[in-house]
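Student: What follows is entry-v4.cif; its format and atoms are mmCIF, C-alpha atoms.
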```
data_protein
#
loop_
_atom_site.label_atom_id
_atom_site.label_comp_id
_atom_site.auth_asym_id
_atom_site.auth_seq_id
_atom_site.Cartn_x
_atom_site.Cartn_y
_atom_site.Cartn_z
CA MET A 143 0.00 0.00 0.00
CA ASN A 144 1.29 3.45 -0.90
CA PRO A 145 1.93 5.87 1.97
CA ARG A 146 -0.48 8.77 2.30
CA ILE A 147 0.88 12.22 1.63
CA CYS A 148 0.27 15.56 3.36
CA GLU A 149 1.88 18.66 1.85
CA ASP A 150 2.95 21.81 3.63
CA SER A 151 4.91 24.83 2.48
CA HIS A 152 6.73 27.36 4.61
CA GLN A 153 8.87 30.23 3.32
CA GLY A 154 8.78 28.79 -0.16
CA ASN A 155 10.07 25.36 0.86
CA SER A 156 7.61 22.65 0.00
CA MET A 157 7.55 19.79 2.50
CA THR A 158 5.74 16.51 2.22
CA LEU A 159 4.52 14.39 5.10
CA GLU A 160 3.99 10.75 4.29
CA THR A 161 2.03 8.55 6.66
CA LYS A 162 1.66 4.79 6.87
CA ILE A 163 -1.04 4.85 9.55
CA SER A 164 -3.65 2.97 7.55
CA GLU A 165 -1.23 0.26 6.51
CA LEU A 166 0.20 -0.25 10.01
CA ARG A 167 -3.20 -0.07 11.68
CA LYS A 168 -4.60 -2.81 9.45
CA LYS A 169 -1.48 -4.91 10.02
CA ILE A 170 -2.21 -5.09 13.75
CA GLY A 171 -5.95 -5.52 13.20
CA MET A 172 -6.99 -2.23 14.72
CA THR A 173 -10.05 -0.25 13.65
CA GLN A 174 -10.12 3.51 13.13
CA GLU A 175 -12.39 3.82 16.18
CA GLU A 176 -9.93 1.93 18.37
CA LEU A 177 -7.00 4.01 17.18
CA ALA A 178 -9.00 7.21 17.71
CA GLU A 179 -10.01 6.20 21.22
CA ARG A 180 -6.49 5.24 22.22
CA ALA A 181 -4.96 8.36 20.71
CA GLY A 182 -7.58 10.60 22.32
CA VAL A 183 -8.85 12.01 19.05
CA THR A 184 -12.03 11.67 17.01
CA ARG A 185 -12.44 9.07 14.27
CA GLN A 186 -12.68 11.98 11.81
CA THR A 187 -9.16 13.01 12.80
CA VAL A 188 -7.89 9.48 12.17
CA ILE A 189 -9.61 9.52 8.77
CA SER A 190 -7.96 12.87 7.95
CA LEU A 191 -4.57 11.59 9.10
CA GLU A 192 -4.86 8.46 7.00
CA ALA A 193 -6.02 10.46 4.00
CA GLY A 194 -3.00 12.74 4.37
CA ARG A 195 -5.13 15.82 4.92
CA TYR A 196 -4.03 16.63 8.46
CA ASN A 197 -0.55 17.42 9.73
CA PRO A 198 -0.47 16.24 13.38
CA SER A 199 1.44 17.71 16.31
CA LEU A 200 4.65 16.00 17.35
CA PHE A 201 2.87 14.84 20.49
CA LEU A 202 0.06 13.14 18.54
CA ALA A 203 2.51 11.67 16.02
CA HIS A 204 4.51 10.17 18.90
CA LYS A 205 1.37 8.78 20.52
CA ILE A 206 0.20 7.17 17.28
CA THR A 207 3.64 5.70 16.70
CA LYS A 208 3.52 3.98 20.10
CA ILE A 209 -0.06 2.75 19.56
CA LEU A 210 0.92 1.27 16.20
CA LYS A 211 3.81 -0.53 17.97
CA GLN A 212 6.56 1.26 16.04
CA LYS A 213 9.85 2.37 17.55
CA HIS A 214 10.41 5.61 15.68
CA ILE A 215 8.12 8.35 14.45
CA GLU A 216 9.83 8.00 11.08
CA ASP A 217 8.36 4.49 10.81
CA VAL A 218 4.89 6.07 10.62
CA PHE A 219 5.50 9.65 9.54
CA LEU A 220 8.20 10.76 7.15
CA VAL A 221 8.89 14.39 6.23
CA LYS A 222 10.48 14.87 2.83
CA MET B 53 -21.41 20.93 37.76
CA ILE B 54 -24.60 19.14 36.76
CA GLY B 55 -24.22 18.40 33.05
CA LYS B 56 -21.31 16.39 31.66
CA LYS B 57 -19.13 17.74 28.87
CA GLU B 58 -19.23 14.36 27.10
CA TRP B 59 -22.96 14.84 26.48
CA PHE B 60 -22.32 17.82 24.20
CA LYS B 61 -20.37 18.75 21.11
CA ARG B 62 -19.20 22.05 19.69
CA ARG B 63 -21.77 23.89 17.59
CA LYS B 64 -20.20 24.18 14.14
CA TYR B 65 -22.77 25.22 11.56
CA SER B 66 -25.41 27.21 13.41
CA GLY B 67 -23.62 29.68 15.65
CA TRP B 68 -21.61 29.43 18.84
CA GLY B 69 -21.78 27.27 21.93
CA VAL B 70 -22.61 23.59 22.22
CA VAL B 71 -25.35 21.22 21.06
CA PRO B 72 -26.38 17.93 22.66
CA ALA B 73 -24.43 14.98 21.24
CA THR B 74 -26.06 12.18 23.25
CA TRP B 75 -29.51 11.38 24.63
CA GLN B 76 -28.22 12.43 28.04
CA GLY B 77 -27.42 15.85 26.60
CA TRP B 78 -30.91 16.18 25.16
CA ALA B 79 -32.46 14.97 28.42
CA TYR B 80 -30.36 17.41 30.46
CA THR B 81 -31.32 20.30 28.15
CA ALA B 82 -35.01 19.37 28.34
CA VAL B 83 -34.91 19.05 32.14
CA MET B 84 -33.15 22.39 32.52
CA VAL B 85 -35.13 24.34 29.91
CA SER B 86 -38.66 23.03 30.58
CA PRO B 87 -39.00 24.60 34.08
CA LEU B 88 -37.84 27.93 32.61
CA VAL B 89 -40.47 27.74 29.88
CA ALA B 90 -43.17 26.55 32.29
CA LEU B 91 -42.38 29.10 35.00
CA SER B 92 -42.22 31.95 32.50
CA PHE B 93 -45.91 31.30 31.70
CA MET B 94 -46.93 31.03 35.36
CA GLN B 95 -47.75 34.13 37.35
CA VAL B 96 -48.41 32.33 40.61
CA ASN B 97 -46.78 34.59 43.18
CA GLU B 98 -43.82 36.88 43.79
CA ALA B 99 -41.41 33.99 44.44
CA VAL B 100 -41.66 32.59 40.92
CA PRO B 101 -39.41 35.16 39.17
CA ALA B 102 -36.67 34.68 41.79
CA VAL B 103 -36.79 30.91 41.31
CA LEU B 104 -36.66 31.47 37.57
CA VAL B 105 -33.61 33.71 37.84
CA VAL B 106 -31.75 31.29 40.14
CA TRP B 107 -32.57 28.32 37.90
CA PHE B 108 -31.46 30.26 34.82
CA LEU B 109 -28.19 31.31 36.48
CA ILE B 110 -27.42 27.70 37.44
CA PHE B 111 -28.20 26.54 33.89
CA ALA B 112 -26.16 29.37 32.31
CA ALA B 113 -23.15 28.72 34.59
CA ASP B 114 -23.32 25.01 33.81
CA MET B 115 -23.51 25.64 30.06
CA VAL B 116 -20.53 28.01 30.19
CA ASP B 117 -18.54 25.34 32.05
CA ILE B 118 -19.55 22.73 29.44
CA MET B 119 -18.67 25.11 26.58
CA ILE B 120 -15.18 25.64 27.99
CA HIS B 121 -14.54 21.96 28.68
CA VAL B 122 -16.35 20.29 25.77
CA PRO B 123 -13.95 17.67 24.36
CA ARG B 124 -11.97 18.67 21.27
CA ASP B 125 -8.87 17.06 19.83
CA GLU B 126 -6.03 19.10 18.34
CA ARG B 127 -7.50 19.04 14.83
CA GLU B 128 -10.86 20.24 16.10
CA LYS B 129 -9.16 23.00 18.12
CA GLN B 130 -7.32 24.09 14.98
CA HIS B 131 -10.54 24.11 12.97
CA GLU B 132 -12.32 26.05 15.71
CA ALA B 133 -9.54 28.65 15.86
CA ILE B 134 -9.58 29.18 12.08
CA ALA B 135 -13.39 29.37 11.98
CA GLU B 136 -13.48 31.86 14.87
CA ARG B 137 -10.77 33.96 13.21
CA ASN B 138 -12.71 34.06 9.96
CA ALA B 139 -15.94 34.94 11.79
CA LEU B 140 -14.13 37.73 13.64
CA TRP B 141 -12.66 39.11 10.44
CA VAL B 142 -16.07 39.23 8.77
CA MET B 143 -17.48 40.96 11.86
CA ILE B 144 -14.64 43.50 11.97
CA VAL B 145 -14.91 44.31 8.26
CA ILE B 146 -18.68 44.82 8.54
CA LEU B 147 -18.33 46.98 11.67
CA ALA B 148 -15.52 49.04 10.11
CA CYS B 149 -17.60 49.52 6.94
CA GLY B 150 -20.53 50.54 9.13
CA VAL B 151 -18.42 53.14 10.92
CA ALA B 152 -17.08 54.49 7.61
CA PHE B 153 -20.60 54.65 6.17
CA GLU B 154 -21.97 56.47 9.23
CA VAL B 155 -19.13 59.00 9.18
CA ALA B 156 -19.48 59.57 5.43
CA ARG B 157 -23.27 59.95 5.62
CA ASN B 158 -23.18 62.34 8.56
CA THR B 159 -20.43 64.41 6.97
CA ALA B 160 -22.31 64.59 3.66
CA GLN B 161 -25.41 65.81 5.51
CA GLY B 162 -23.34 68.49 7.25
CA LYS B 163 -23.77 66.84 10.65
CA THR B 164 -21.15 65.99 13.22
CA ALA B 165 -19.51 62.69 12.27
CA LEU B 166 -20.96 60.74 15.18
CA VAL B 167 -20.50 56.98 15.37
CA ASP B 168 -22.44 54.57 17.57
CA PRO B 169 -20.14 54.15 20.62
CA VAL B 170 -21.12 50.48 20.93
CA ILE B 171 -19.42 49.77 17.59
CA ILE B 172 -16.25 51.58 18.70
CA ILE B 173 -16.29 49.71 22.03
CA ALA B 174 -16.72 46.39 20.20
CA LEU B 175 -13.74 47.13 17.93
CA LEU B 176 -11.59 48.30 20.85
CA GLY B 177 -12.65 45.24 22.87
CA ALA B 178 -11.53 42.97 20.04
CA LEU B 179 -8.23 44.88 19.84
CA VAL B 180 -7.60 44.46 23.57
CA ALA B 181 -8.58 40.77 23.50
CA LYS B 182 -6.16 40.14 20.62
CA ALA B 183 -3.31 41.99 22.36
CA ILE B 184 -3.86 40.12 25.65
CA THR B 185 -4.06 36.78 23.82
CA ASN B 186 -0.82 37.42 21.93
CA TRP B 187 0.91 38.65 25.09
CA TYR B 188 -0.18 35.52 26.97
CA LEU B 189 0.76 33.14 24.13
CA ASP B 190 4.17 34.77 23.63
CA ARG B 191 5.00 34.04 27.26
CA ASN B 192 3.45 30.63 27.67
CA ASN B 193 3.57 28.90 24.32
#
```
As structure tokens - that is how I would like this structure written.
Tutor:
Amino acid sequence: MNPRICEDSHQGNSMTLETKISELRKKIGMTQEELAERAGVTRQTVISLEAGRYNPSLFLAHKITKILKQKHIEDVFLVK
Amino acid sequence: MIGKKEWFKRRKYSGWGVVPATWQGWAYTAVMVSPLVALSFMQVNEAVPAVLVVWFLIFAADMVDIMIHVPRDEREKQHEAIAERNALWVMIVILACGVAFEVARNTAQGKTALVDPVIIIALLGALVAKAITNWYLDRNN
């Protein structure tokens, strides 16, 4: 499955945030509702994250990384 | 407080405040509002208005507490901030246009360029609120 992409630009530098939330969540058999509940966000936020429409805070990114049983934030989120 | 914040959600499309999100929220609203409606139609004795005022104050205080603490995640907070900013900008532009129109009309009619003080107070209030918010955020965030 291709990673989802979220784009952001600051001072003319275009940055891309790729997420593998959907892929990793399905791998451990977790639903969007379960992930949302454990991360303390709404299901709509999980949907936006997976669709690459929302750029999360470092705190939320870290929390999701732990929930998805990954060691590093870069395993779930990658800024290019 | 009486009501629980989990029973409500932020009002997004029809103004400000909160709306019931669960049956408990609807039940709480009905229980709190129905005596106000019923008592407002009753003219039994002198004590009724005082009861009405006390009940209303309790309800209002509870709703303010719920509004402040209604659950929002970081994405919802971001959306709320952007929506409130846009609403404020529209309000400021309309008020500023209103002030300019009043001044222009009064001047054209040879009158003193008086402006409704409430509009000026509203604009100054917004200015002060913005300055205090930025001052607080600069120091704490």
Student: Write out as a PyMOL selection string each polymer residue whose atoms come within 9 Å of segment 205-210 of chain A, counting all atoms listed in the file; drop sequence neighbours fewer than 3 positions from it.
Tutor: chain A and resi 163+166-167+170+172+177+180-181+200-202+213-219
Student: What are the residues of chain A lining chain B at 9 Å or less? Count only C-alpha atoms, and put the answer as a ChimeraX atom specification.
Tutor: /A:182-184,187,196-199,202
Student: Output C-alpha atoms for every residue in the selection just made, as a CSV table (one decimal), keeping the file's coordinate frame.
Tutor:
```csv
chain,number,residue,atom,x,y,z
A,182,GLY,CA,-7.6,10.6,22.3
A,183,VAL,CA,-8.8,12.0,19.0
A,184,THR,CA,-12.0,11.7,17.0
A,187,THR,CA,-9.2,13.0,12.8
A,196,TYR,CA,-4.0,16.6,8.5
A,197,ASN,CA,-0.6,17.4,9.7
A,198,PRO,CA,-0.5,16.2,13.4
A,199,SER,CA,1.4,17.7,16.3
A,202,LEU,CA,0.1,13.1,18.5
```
Student: Between B:Ala79, B:Ala156, B:Ala135, B:Val151, which residue has the minimum interatomic distance to Ile172 of chain B, considering all atoms listed in the file?
Tutor: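 Ranked by minimum distance to Ile172 of chain B, first place goes to B:Val151.
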Student: Applied to the shown file, which residues does the PyMOL selection byres ((chain B and resi 154) around 12) return, written as a PyMOL selection string?
Tutor: chain B and resi 147-153+155-161+163-169+171
Student: Which one of B:Ala181, B:Val145, B:Met53, B:Leu189 sits closest to Asp114 of chain B if you count all atoms listed in the file?
Tutor: B:Met53
Student: When you draw a straight line from atom CA of Val188 of chain A to atom CA of Trp78 of chain B, how long is it in Å?
Tutor: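 Taking atom CA of Val188 of chain A and atom CA of Trp78 of chain B, their separation equals 27.3 Å.
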Student: Taking all atoms listed in the file into account, name the residue in B:Ala174, B:Met94, B:Ile144, B:Met119 that is nearest to Lys56 of chain B.
Tutor: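 Going through B:Ala174, B:Met94, B:Ile144, B:Met119 one by one, the smallest distance to Lys56 of chain B is for B:Met119.
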